[in-house]
file entry-v5.json (JSON, C-alpha atoms and all ligand atoms)
[["chain", "number", "residue", "atom", "x", "y", "z"],
["G", 1, "MET", "CA", -34.27, -5.05, -8.34],
["G", 2, "ASP", "CA", -34.58, -6.02, -4.69],
["G", 3, "LEU", "CA", -33.74, -3.03, -2.50],
["G", 4, "THR", "CA", -33.68, -5.03, 0.71],
["G", 5, "GLN", "CA", -31.22, -7.46, -0.78],
["G", 6, "ASN", "CA", -29.05, -4.67, -2.21],
["G", 7, "VAL", "CA", -28.92, -2.89, 1.15],
["G", 8, "LYS", "CA", -27.94, -6.11, 2.84],
["G", 9, "ALA", "CA", -25.25, -6.84, 0.24],
["G", 10, "VAL", "CA", -23.72, -3.36, 0.53],
["G", 11, "GLN", "CA", -23.80, -3.51, 4.33],
["G", 12, "GLU", "CA", -22.09, -6.89, 4.25],
["G", 13, "LYS", "CA", -19.38, -5.57, 1.92],
["G", 14, "ILE", "CA", -18.82, -2.58, 4.20],
["G", 15, "ALA", "CA", -18.54, -4.88, 7.20],
["G", 16, "ALA", "CA", -16.12, -7.22, 5.42],
["G", 17, "ALA", "CA", -13.91, -4.32, 4.28],
["G", 18, "ALA", "CA", -13.93, -2.93, 7.80],
["G", 19, "ARG", "CA", -12.96, -6.23, 9.38],
["G", 20, "ALA", "CA", -10.22, -6.76, 6.80],
["G", 21, "ALA", "CA", -8.81, -3.37, 7.83],
["G", 22, "GLY", "CA", -9.07, -4.19, 11.53],
["G", 23, "ARG", "CA", -11.94, -1.74, 11.99],
["G", 24, "ASP", "CA", -15.25, -2.10, 13.78],
["G", 25, "PRO", "CA", -18.01, -2.22, 11.10],
["G", 26, "GLY", "CA", -20.15, -0.16, 13.48],
["G", 27, "GLU", "CA", -17.90, 2.85, 12.80],
["G", 28, "ILE", "CA", -19.14, 3.14, 9.24],
["G", 29, "THR", "CA", -22.47, 4.68, 8.25],
["G", 30, "LEU", "CA", -24.19, 3.85, 4.98],
["G", 31, "CYS", "CA", -25.66, 6.92, 3.30],
["G", 32, "ALA", "CA", -27.98, 6.26, 0.37],
["G", 33, "ALA", "CA", -27.35, 8.75, -2.46],
["G", 34, "THR", "CA", -30.98, 9.26, -3.39],
["G", 35, "LYS", "CA", -30.75, 11.65, -6.35],
["G", 36, "VAL", "CA", -33.47, 11.02, -8.97],
["G", 37, "GLN", "CA", -35.23, 8.49, -6.72],
["G", 38, "THR", "CA", -38.95, 8.76, -5.93],
["G", 39, "ASP", "CA", -40.54, 9.27, -2.50],
["G", 40, "GLU", "CA", -41.62, 5.65, -2.63],
["G", 41, "THR", "CA", -38.11, 4.34, -3.31],
["G", 42, "ILE", "CA", -36.68, 6.54, -0.57],
["G", 43, "ARG", "CA", -39.22, 5.17, 1.91],
["G", 44, "ALA", "CA", -38.33, 1.64, 0.82],
["G", 45, "VAL", "CA", -34.58, 2.09, 1.23],
["G", 46, "ILE", "CA", -35.12, 3.49, 4.72],
["G", 47, "ALA", "CA", -37.41, 0.58, 5.58],
["G", 48, "ALA", "CA", -34.62, -1.72, 4.38],
["G", 49, "GLY", "CA", -32.37, -0.30, 7.07],
["G", 50, "VAL", "CA", -30.42, 2.61, 5.56],
["G", 51, "PRO", "CA", -29.98, 5.21, 8.32],
["G", 52, "VAL", "CA", -29.00, 8.25, 6.22],
["G", 53, "CYS", "CA", -30.18, 9.68, 2.89],
["G", 54, "GLY", "CA", -27.90, 12.05, 0.97],
["G", 55, "GLU", "CA", -29.49, 14.50, -1.45],
["G", 56, "ASN", "CA", -27.71, 16.38, -4.24],
["G", 57, "ARG", "CA", -30.20, 18.87, -5.50],
["G", 58, "VAL", "CA", -32.04, 21.42, -3.42],
["G", 59, "GLN", "CA", -35.23, 21.03, -5.45],
["G", 60, "GLU", "CA", -35.38, 17.28, -4.86],
["G", 61, "LEU", "CA", -34.47, 17.71, -1.20],
["G", 62, "THR", "CA", -37.30, 20.17, -0.66],
["G", 63, "ALA", "CA", -39.86, 18.02, -2.48],
["G", 64, "HIS", "CA", -38.96, 14.88, -0.52],
["G", 65, "LEU", "CA", -38.93, 16.79, 2.78],
["G", 66, "ASP", "CA", -42.35, 18.24, 2.05],
["G", 67, "ALA", "CA", -43.64, 14.75, 1.25],
["G", 68, "GLY", "CA", -42.21, 13.36, 4.49],
["G", 69, "ALA", "CA", -40.30, 10.78, 2.48],
["G", 70, "TYR", "CA", -37.27, 10.68, 4.79],
["G", 71, "ALA", "CA", -39.17, 9.69, 7.94],
["G", 72, "GLY", "CA", -37.01, 7.36, 10.00],
["G", 73, "ALA", "CA", -33.69, 8.47, 8.51],
["G", 74, "GLN", "CA", -31.28, 11.36, 8.79],
["G", 75, "VAL", "CA", -30.98, 13.64, 5.76],
["G", 76, "HIS", "CA", -27.67, 15.01, 4.51],
["G", 77, "PHE", "CA", -26.97, 17.44, 1.68],
["G", 78, "ILE", "CA", -24.15, 16.02, -0.44],
["G", 79, "GLY", "CA", -24.33, 18.05, -3.69],
["G", 80, "HIS", "CA", -22.84, 21.36, -4.73],
["G", 81, "LEU", "CA", -24.57, 24.13, -2.79],
["G", 82, "GLN", "CA", -25.07, 27.59, -4.25],
["G", 83, "THR", "CA", -25.04, 30.43, -1.77],
["G", 84, "ASN", "CA", -28.46, 31.62, -2.93],
["G", 85, "LYS", "CA", -29.98, 28.26, -1.94],
["G", 86, "VAL", "CA", -28.48, 28.10, 1.54],
["G", 87, "ARG", "CA", -31.79, 29.21, 3.08],
["G", 88, "GLN", "CA", -33.52, 26.12, 1.73],
["G", 89, "VAL", "CA", -30.98, 23.74, 3.25],
["G", 90, "VAL", "CA", -29.66, 25.09, 6.56],
["G", 91, "GLY", "CA", -31.65, 23.75, 9.49],
["G", 92, "ARG", "CA", -33.41, 21.20, 7.28],
["G", 93, "VAL", "CA", -30.57, 18.65, 7.06],
["G", 94, "ALA", "CA", -28.44, 17.07, 9.75],
["G", 95, "LEU", "CA", -25.18, 17.57, 7.84],
["G", 96, "ILE", "CA", -24.01, 19.58, 4.81],
["G", 97, "HIS", "CA", -21.10, 17.72, 3.16],
["G", 98, "SER", "CA", -20.12, 20.19, 0.47],
["G", 99, "VAL", "CA", -18.78, 23.35, 2.10],
["G", 100, "ASP", "CA", -15.81, 24.42, -0.02],
["G", 101, "SER", "CA", -15.41, 28.19, 0.21],
["G", 102, "GLU", "CA", -15.29, 30.98, 2.73],
["G", 103, "HIS", "CA", -18.22, 32.62, 0.98],
["G", 104, "LEU", "CA", -20.45, 29.56, 1.38],
["G", 105, "LEU", "CA", -19.28, 28.94, 4.93],
["G", 106, "ARG", "CA", -20.17, 32.49, 5.95],
["G", 107, "ALA", "CA", -23.57, 32.25, 4.26],
["G", 108, "ILE", "CA", -24.37, 29.03, 6.15],
["G", 109, "HIS", "CA", -23.22, 30.59, 9.41],
["G", 110, "ARG", "CA", -25.42, 33.66, 8.85],
["G", 111, "GLN", "CA", -28.50, 31.59, 8.07],
["G", 112, "ALA", "CA", -27.93, 29.30, 11.06],
["G", 113, "GLU", "CA", -27.52, 32.36, 13.27],
["G", 114, "LYS", "CA", -30.81, 33.74, 11.97],
["G", 115, "LEU", "CA", -32.52, 30.47, 12.86],
["G", 116, "GLY", "CA", -30.78, 30.27, 16.23],
["G", 117, "ILE", "CA", -29.26, 26.88, 15.46],
["G", 118, "VAL", "CA", -25.86, 25.27, 14.94],
["G", 119, "GLN", "CA", -25.50, 23.64, 11.51],
["G", 120, "ASP", "CA", -23.19, 20.63, 11.24],
["G", 121, "ILE", "CA", -20.94, 20.72, 8.18],
["G", 122, "LEU", "CA", -18.11, 18.93, 6.40],
["G", 123, "LEU", "CA", -15.48, 20.64, 4.29],
["G", 124, "GLU", "CA", -15.26, 19.22, 0.78],
["G", 125, "VAL", "CA", -11.77, 18.72, -0.60],
["G", 126, "ASN", "CA", -10.97, 18.46, -4.32],
["G", 127, "VAL", "CA", -8.37, 15.85, -3.54],
["G", 128, "ALA", "CA", -7.47, 14.97, -7.14],
["G", 129, "GLY", "CA", -7.32, 18.61, -8.27],
["G", 130, "GLU", "CA", -9.98, 18.14, -10.94],
["G", 131, "GLU", "CA", -10.97, 21.32, -12.80],
["G", 132, "SER", "CA", -14.60, 20.35, -13.17],
["G", 133, "LYS", "CA", -15.23, 19.57, -9.53],
["G", 134, "GLY", "CA", -16.15, 21.43, -6.40],
["G", 135, "GLY", "CA", -14.13, 21.20, -3.24],
["G", 136, "CYS", "CA", -11.33, 23.35, -1.85],
["G", 137, "THR", "CA", -7.67, 22.62, -2.48],
["G", 138, "PRO", "CA", -5.83, 20.73, 0.25],
["G", 139, "GLU", "CA", -3.79, 23.92, 0.72],
["G", 140, "ALA", "CA", -6.90, 26.01, 1.40],
["G", 141, "LEU", "CA", -8.25, 23.54, 3.94],
["G", 142, "PRO", "CA", -6.54, 24.73, 7.16],
["G", 143, "ALA", "CA", -7.79, 28.31, 6.75],
["G", 144, "LEU", "CA", -11.32, 27.14, 6.03],
["G", 145, "ALA", "CA", -11.27, 24.84, 9.03],
["G", 146, "GLU", "CA", -10.08, 27.69, 11.20],
["G", 147, "LEU", "CA", -12.89, 29.91, 9.97],
["G", 148, "ALA", "CA", -15.41, 27.13, 10.62],
["G", 149, "GLN", "CA", -14.07, 26.78, 14.12],
["G", 150, "LYS", "CA", -14.50, 30.50, 14.73],
["G", 151, "SER", "CA", -18.03, 30.53, 13.35],
["G", 152, "GLY", "CA", -20.25, 29.80, 16.32],
["G", 153, "CYS", "CA", -23.27, 28.72, 14.31],
["G", 154, "VAL", "CA", -21.51, 26.00, 12.32],
["G", 155, "ARG", "CA", -19.89, 22.92, 13.76],
["G", 156, "LEU", "CA", -17.14, 21.28, 11.73],
["G", 157, "ARG", "CA", -17.68, 17.54, 11.81],
["G", 158, "GLY", "CA", -15.09, 16.41, 9.25],
["G", 159, "LEU", "CA", -14.21, 16.16, 5.58],
["G", 160, "MET", "CA", -15.74, 14.93, 2.35],
["G", 161, "ALA", "CA", -14.28, 14.06, -1.05],
["G", 162, "ILE", "CA", -15.51, 13.00, -4.47],
["G", 163, "PRO", "CA", -12.46, 11.53, -6.21],
["G", 164, "PRO", "CA", -12.42, 10.81, -9.97],
["G", 165, "VAL", "CA", -14.90, 8.35, -11.43],
["G", 166, "SER", "CA", -13.45, 5.06, -10.34],
["G", 167, "THR", "CA", -12.05, 2.67, -12.90],
["G", 168, "GLY", "CA", -12.25, -0.16, -10.43],
["G", 169, "LEU", "CA", -11.13, -1.13, -6.96],
["G", 170, "GLY", "CA", -7.70, 0.25, -6.21],
["G", 171, "ALA", "CA", -7.95, 3.22, -8.58],
["G", 172, "ASN", "CA", -8.88, 5.81, -5.96],
["G", 173, "ARG", "CA", -7.13, 4.33, -3.00],
["G", 174, "LYS", "CA", -4.33, 6.90, -3.01],
["G", 175, "TYR", "CA", -6.89, 9.72, -2.85],
["G", 176, "PHE", "CA", -8.69, 8.08, 0.07],
["G", 177, "SER", "CA", -5.38, 7.73, 1.84],
["G", 178, "GLN", "CA", -4.59, 11.41, 1.22],
["G", 179, "MET", "CA", -7.99, 12.32, 2.64],
["G", 180, "ARG", "CA", -7.36, 10.33, 5.77],
["G", 181, "ASN", "CA", -4.07, 12.19, 6.27],
["G", 182, "LEU", "CA", -5.78, 15.55, 5.80],
["G", 183, "PHE", "CA", -8.51, 14.46, 8.22],
["G", 184, "VAL", "CA", -5.96, 13.53, 10.89],
["G", 185, "ASP", "CA", -4.08, 16.83, 10.36],
["G", 186, "ILE", "CA", -7.20, 18.93, 10.74],
["G", 187, "MET", "CA", -8.34, 16.89, 13.72],
["G", 188, "LYS", "CA", -5.03, 17.62, 15.46],
["G", 189, "LYS", "CA", -5.42, 21.32, 14.77],
["G", 190, "MET", "CA", -8.94, 21.21, 16.20],
["G", 191, "SER", "CA", -7.98, 19.23, 19.28],
["G", 192, "ASP", "CA", -8.48, 22.07, 21.73],
["G", 193, "ASN", "CA", -11.85, 22.81, 20.25],
["G", 194, "GLN", "CA", -15.23, 21.39, 21.17],
["G", 195, "ASP", "CA", -15.88, 20.58, 17.53],
["G", 196, "VAL", "CA", -16.43, 16.89, 17.04],
["G", 197, "MET", "CA", -14.41, 15.72, 14.09],
["G", 198, "ASP", "CA", -15.99, 12.32, 13.59],
["G", 199, "CYS", "CA", -16.94, 12.15, 9.92],
["G", 200, "LEU", "CA", -14.83, 11.26, 6.89],
["G", 201, "SER", "CA", -17.28, 11.03, 3.99],
["G", 202, "MET", "CA", -15.79, 9.20, 1.01],
["G", 203, "GLY", "CA", -16.43, 6.19, -1.20],
["G", 204, "MET", "CA", -19.23, 5.52, -3.71],
["G", 205, "SER", "CA", -20.61, 2.39, -5.38],
["G", 206, "ALA", "CA", -17.46, 1.55, -7.33],
["G", 207, "ASP", "CA", -14.97, 2.08, -4.53],
["G", 208, "PHE", "CA", -16.55, 2.20, -1.07],
["G", 209, "GLU", "CA", -14.57, -0.82, 0.07],
["G", 210, "ASP", "CA", -11.30, 1.01, -0.65],
["G", 211, "ALA", "CA", -12.64, 4.05, 1.18],
["G", 212, "VAL", "CA", -13.51, 1.90, 4.22],
["G", 213, "ALA", "CA", -10.05, 0.37, 4.13],
["G", 214, "GLU", "CA", -8.58, 3.89, 4.24],
["G", 215, "GLY", "CA", -10.72, 5.14, 7.11],
["G", 216, "ALA", "CA", -14.06, 6.38, 5.75],
["G", 217, "THR", "CA", -16.71, 6.74, 8.45],
["G", 218, "LEU", "CA", -19.52, 7.38, 5.97],
["G", 219, "VAL", "CA", -19.90, 6.02, 2.43],
["G", 220, "ARG", "CA", -22.34, 7.50, -0.09],
["G", 221, "VAL", "CA", -23.82, 4.79, -2.26],
["G", 222, "GLY", "CA", -26.36, 5.17, -5.08],
["G", 223, "THR", "CA", -26.06, 2.74, -7.97],
["G", 224, "ALA", "CA", -25.20, -0.31, -5.86],
["G", 225, "LEU", "CA", -28.49, 0.19, -3.98],
["G", 226, "PHE", "CA", -30.86, 1.52, -6.65],
["G", 227, "GLY", "CA", -29.38, 0.32, -9.93],
["G", 228, "PRO", "CA", -28.16, 2.61, -12.75],
["G", 229, "ARG", "CA", -29.57, 6.14, -12.94],
["G", 230, "PRO", "CA", -30.82, 7.68, -16.19],
["G", 231, "PRO", "CA", -28.09, 9.90, -17.71],
["G", 232, "LEU", "CA", -28.10, 13.54, -16.54],
["G", 233, "GLY", "CA", -30.58, 15.63, -18.45],
["G", 234, "THR", "CA", -32.87, 12.72, -19.30],
["G", 235, "PRO", "CA", -36.48, 13.85, -18.95],
["G", 236, "ARG", "CA", -38.33, 12.01, -16.25],
["U", 301, "LIG", "C1", -24.45, 10.23, -6.85],
["U", 301, "LIG", "C2", -23.50, 10.48, -5.77],
["U", 301, "LIG", "C3", -22.98, 9.41, -5.02],
["U", 301, "LIG", "C4", -23.27, 7.96, -5.31],
["U", 301, "LIG", "O1", -22.78, 7.58, -6.55],
["U", 301, "LIG", "P1", -22.86, 6.05, -7.03],
["U", 301, "LIG", "O2", -21.70, 5.89, -7.92],
["U", 301, "LIG", "O3", -24.17, 5.92, -7.75],
["U", 301, "LIG", "O4", -22.80, 5.19, -5.83],
["U", 301, "LIG", "C5", -22.13, 9.73, -3.96],
["U", 301, "LIG", "N1", -21.80, 11.01, -3.67],
["U", 301, "LIG", "C6", -22.30, 12.04, -4.35],
["U", 301, "LIG", "C7", -21.90, 13.42, -3.96],
["U", 301, "LIG", "C8", -23.15, 11.80, -5.43],
["U", 301, "LIG", "O5", -23.61, 12.84, -6.12]]
call {"tool": "encode", "arguments": {"input": "entry-v5.json", "output": "structure tokens", "more": "lines below"}}
Ligand SMILES: *Cc1c(COP(=O)(O)O)cnc(C)c1O
result
Amino acid sequence: MDLTQNVKAVQEKIAAAARAAGRDPGEITLCAATKVQTDETIRAVIAAGVPVCGENRVQELTAHLDAGAYAGAQVHFIGHLQTNKVRQVVGRVALIHSVDSEHLLRAIHRQAEKLGIVQDILLEVNVAGEESKGGCTPEALPALAELAQKSGCVRLRGLMAIPPVSTGLGANRKYFSQMRNLFVDIMKKMSDNQDVMDCLSMGMSADFEDAVAEGATLVRVGTALFGPRPPLGTPR
């Protein structure tokens, strides 16, 4: 596996999808989904030009931060976040993608307030209504956005979605399109606010080109950069 080549290939595909949609490729940020990767691999992917690393698990995030593995890149938290782990994440990452409840939002606000900082967040939407997944319903989104706007120690930067496992290009396009509409709606509601709604986080290895076509500003890519991961629960 050649990381440098994979990064280049993914960046070229992002740029091609952007141009095909009449977008400036510079509007789209590549975030490497680094779950299960080693410090060494993370350093290598950053050296290959990836500007953002997205981490799923608090334990891995903390270990890589302590090792200084993310030097030269921004770090985002993209996995499900339990309220009791908020303290380990707030103030240590540039953006939390997975805020999906009032409870979690308030916990992040409180921790940020304690630290005297403003934490950037995205609201995660369960756009396909899948039982097994995190994310708020599209119906719950306006109230959550309003609460975020009122919470001085969080800054709402946009939305995130993890649609169903893609069965190929085209399969998730309708969800990406729905997300873009929700994003535009929320942005309009926030227009008199100083919050900067500039991030629509959607698209993974199997479907990031569709996501770019539908307006993603950040794609989270793992497998296409690092190769297949061991199945969940495999001892390492
Ligand atoms: C693992 C993961 C990704 C990347 O998935 P791939 O299919 O390997 O590209 C993106 N987003 C989140 C939240 C993830 O957990």
call {"tool": "closest_residue", "arguments": {"input": "entry-v5.json", "among": "G:His109, G:Arg220, G:Lys133, G:Arg229", "to": "G:Ala32", "atoms": "all atoms listed in the file"}}
result
G:Arg220
call {"tool": "closest_residue", "arguments": {"input": "entry-v5.json", "among": "G:Glu12, G:Asp24, G:Asp120, G:Asp207", "to": "ligand LIG 301 (chain U)", "atoms": "all atoms listed in the file"}}
result
G:Asp207
call {"tool": "closest_atom_pairs", "arguments": {"input": "entry-v5.json", "of": "chain G", "to": "ligand LIG 301 (chain U)", "cutoff": "8 Å", "atoms": "only C-alpha atoms and all ligand atoms", "output": "CSV"}}
result
residue,atom,partner,partner_atom,distance
G:Ala32,CA,U:LIG301,C4,7.6
G:Ala33,CA,U:LIG301,C4,5.0
G:Thr34,CA,U:LIG301,C1,7.5
G:Lys35,CA,U:LIG301,C1,6.5
G:Gly54,CA,U:LIG301,C6,7.7
G:Glu55,CA,U:LIG301,O5,7.7
G:Asn56,CA,U:LIG301,O5,5.7
G:Ile78,CA,U:LIG301,C7,4.9
G:Gly79,CA,U:LIG301,C7,5.2
G:Ile162,CA,U:LIG301,C7,6.4
G:Met202,CA,U:LIG301,N1,7.8
G:Gly203,CA,U:LIG301,C5,7.3
G:Met204,CA,U:LIG301,O4,4.2
G:Ser205,CA,U:LIG301,O4,3.6
G:Ala206,CA,U:LIG301,O2,6.1
G:Val219,CA,U:LIG301,C5,7.7
G:Arg220,CA,U:LIG301,C5,4.5
G:Val221,CA,U:LIG301,O4,3.7
G:Gly222,CA,U:LIG301,O3,3.5
G:Thr223,CA,U:LIG301,O3,3.7
G:Ala224,CA,U:LIG301,O4,6.0
G:Leu225,CA,U:LIG301,O4,7.8
G:Gly227,CA,U:LIG301,O3,8.0
G:Pro228,CA,U:LIG301,O3,7.2
G:Arg229,CA,U:LIG301,O3,7.5
call {"tool": "closest_residue", "arguments": {"input": "entry-v5.json", "among": "G:Leu81, G:Val7, G:Leu182, G:Leu65", "to": "G:Pro51", "atoms": "all atoms listed in the file"}}
result
G:Val7
call {"tool": "closest_residue", "arguments": {"input": "entry-v5.json", "among": "G:Asn172, G:Asn84, G:Gln119, G:Thr137", "to": "G:Ser101", "atoms": "all atoms listed in the file"}}
result
G:Thr137
call {"tool": "closest_residue", "arguments": {"input": "entry-v5.json", "among": "G:Asp66, G:Glu27, G:Glu139, G:Glu131", "to": "G:Asp39", "atoms": "all atoms listed in the file"}}
result
G:Asp66
call {"tool": "residues_around", "arguments": {"input": "entry-v5.json", "residues": "G:Asp100", "least_positions_apart": "4", "cutoff": "10 Å", "atoms": "only C-alpha atoms", "output": "PyMOL selection string"}}
result
chain G and resi 80-81+104-105+122-126+134-137+140-141+144+160
call {"tool": "closest_residue", "arguments": {"input": "entry-v5.json", "among": "G:Val58, G:Leu156, G:Ala18, G:Met1", "to": "G:Thr41", "atoms": "only C-alpha atoms"}}
result
G:Met1
call {"tool": "atom_distance", "arguments": {"input": "entry-v5.json", "atom1": "atom CA of G:His64", "atom2": "atom CA of G:Val10"}}
result
23.8 Å
call {"tool": "residues_around", "arguments": {"input": "entry-v5.json", "residues": "G:Arg92", "least_positions_apart": "6", "cutoff": "10 Å", "atoms": "all atoms listed in the file", "output": "ChimeraX atom specification"}}
result
/G:61-62,65,75-77,119
call {"tool": "write_last_selection", "arguments": {"input": "entry-v5.json", "atoms": "C-alpha atoms", "output": "JSON list (two decimals), in the frame of the given file"}}
result
[["chain", "number", "residue", "atom", "x", "y", "z"],
["G", 61, "LEU", "CA", -34.47, 17.71, -1.20],
["G", 62, "THR", "CA", -37.30, 20.17, -0.66],
["G", 65, "LEU", "CA", -38.93, 16.79, 2.78],
["G", 75, "VAL", "CA", -30.98, 13.64, 5.76],
["G", 76, "HIS", "CA", -27.67, 15.01, 4.51],
["G", 77, "PHE", "CA", -26.97, 17.44, 1.68],
["G", 119, "GLN", "CA", -25.50, 23.64, 11.51]]
call {"tool": "axis_aligned_box", "arguments": {"input": "entry-v5.json", "around": "stretch 195-200 of chain G", "padding_each_side": "8 Å", "output": "JSON"}}
result
{"center_x": -15.7, "center_y": 15.9, "center_z": 12.2, "size_x": 18.5, "size_y": 25.3, "size_z": 26.6}
call {"tool": "atom_distance", "arguments": {"input": "entry-v5.json", "atom1": "atom CA of G:Glu214", "atom2": "atom CA of G:Ala128"}}
result
15.9 Å
call {"tool": "atom_distance", "arguments": {"input": "entry-v5.json", "atom1": "atom CA of G:Ser132", "atom2": "atom CA of G:Tyr175"}}
result
16.7 Å
call {"tool": "residues_around", "arguments": {"input": "entry-v5.json", "residues": "G:Asp210", "least_positions_apart": "4", "cutoff": "7 Å", "atoms": "only C-alpha atoms", "output": "JSON, numbers by chain"}}
result
{"G": [169, 170, 173, 214]}
call {"tool": "residues_around", "arguments": {"input": "entry-v5.json", "residues": "G:Val90", "least_positions_apart": "3", "cutoff": "8 Å", "atoms": "all atoms listed in the file", "output": "ChimeraX atom specification"}}
result
/G:86-87,93,108,111-112,119
call {"tool": "residues_near_point", "arguments": {"input": "entry-v5.json", "point": "(-11.0, 21.4, 8.9)", "cutoff": "6 Å", "atoms": "only C-alpha atoms", "output": "PDB file with C-alpha atoms, in the coordinates of the input"}}
result
ATOM      1  CA  PRO G 142      -6.540  24.730   7.160  1.00  0.00           C
ATOM      2  CA  ALA G 145     -11.270  24.840   9.030  1.00  0.00           C
ATOM      3  CA  ILE G 186      -7.200  18.930  10.740  1.00  0.00           C
TER       4      ILE G 186
END
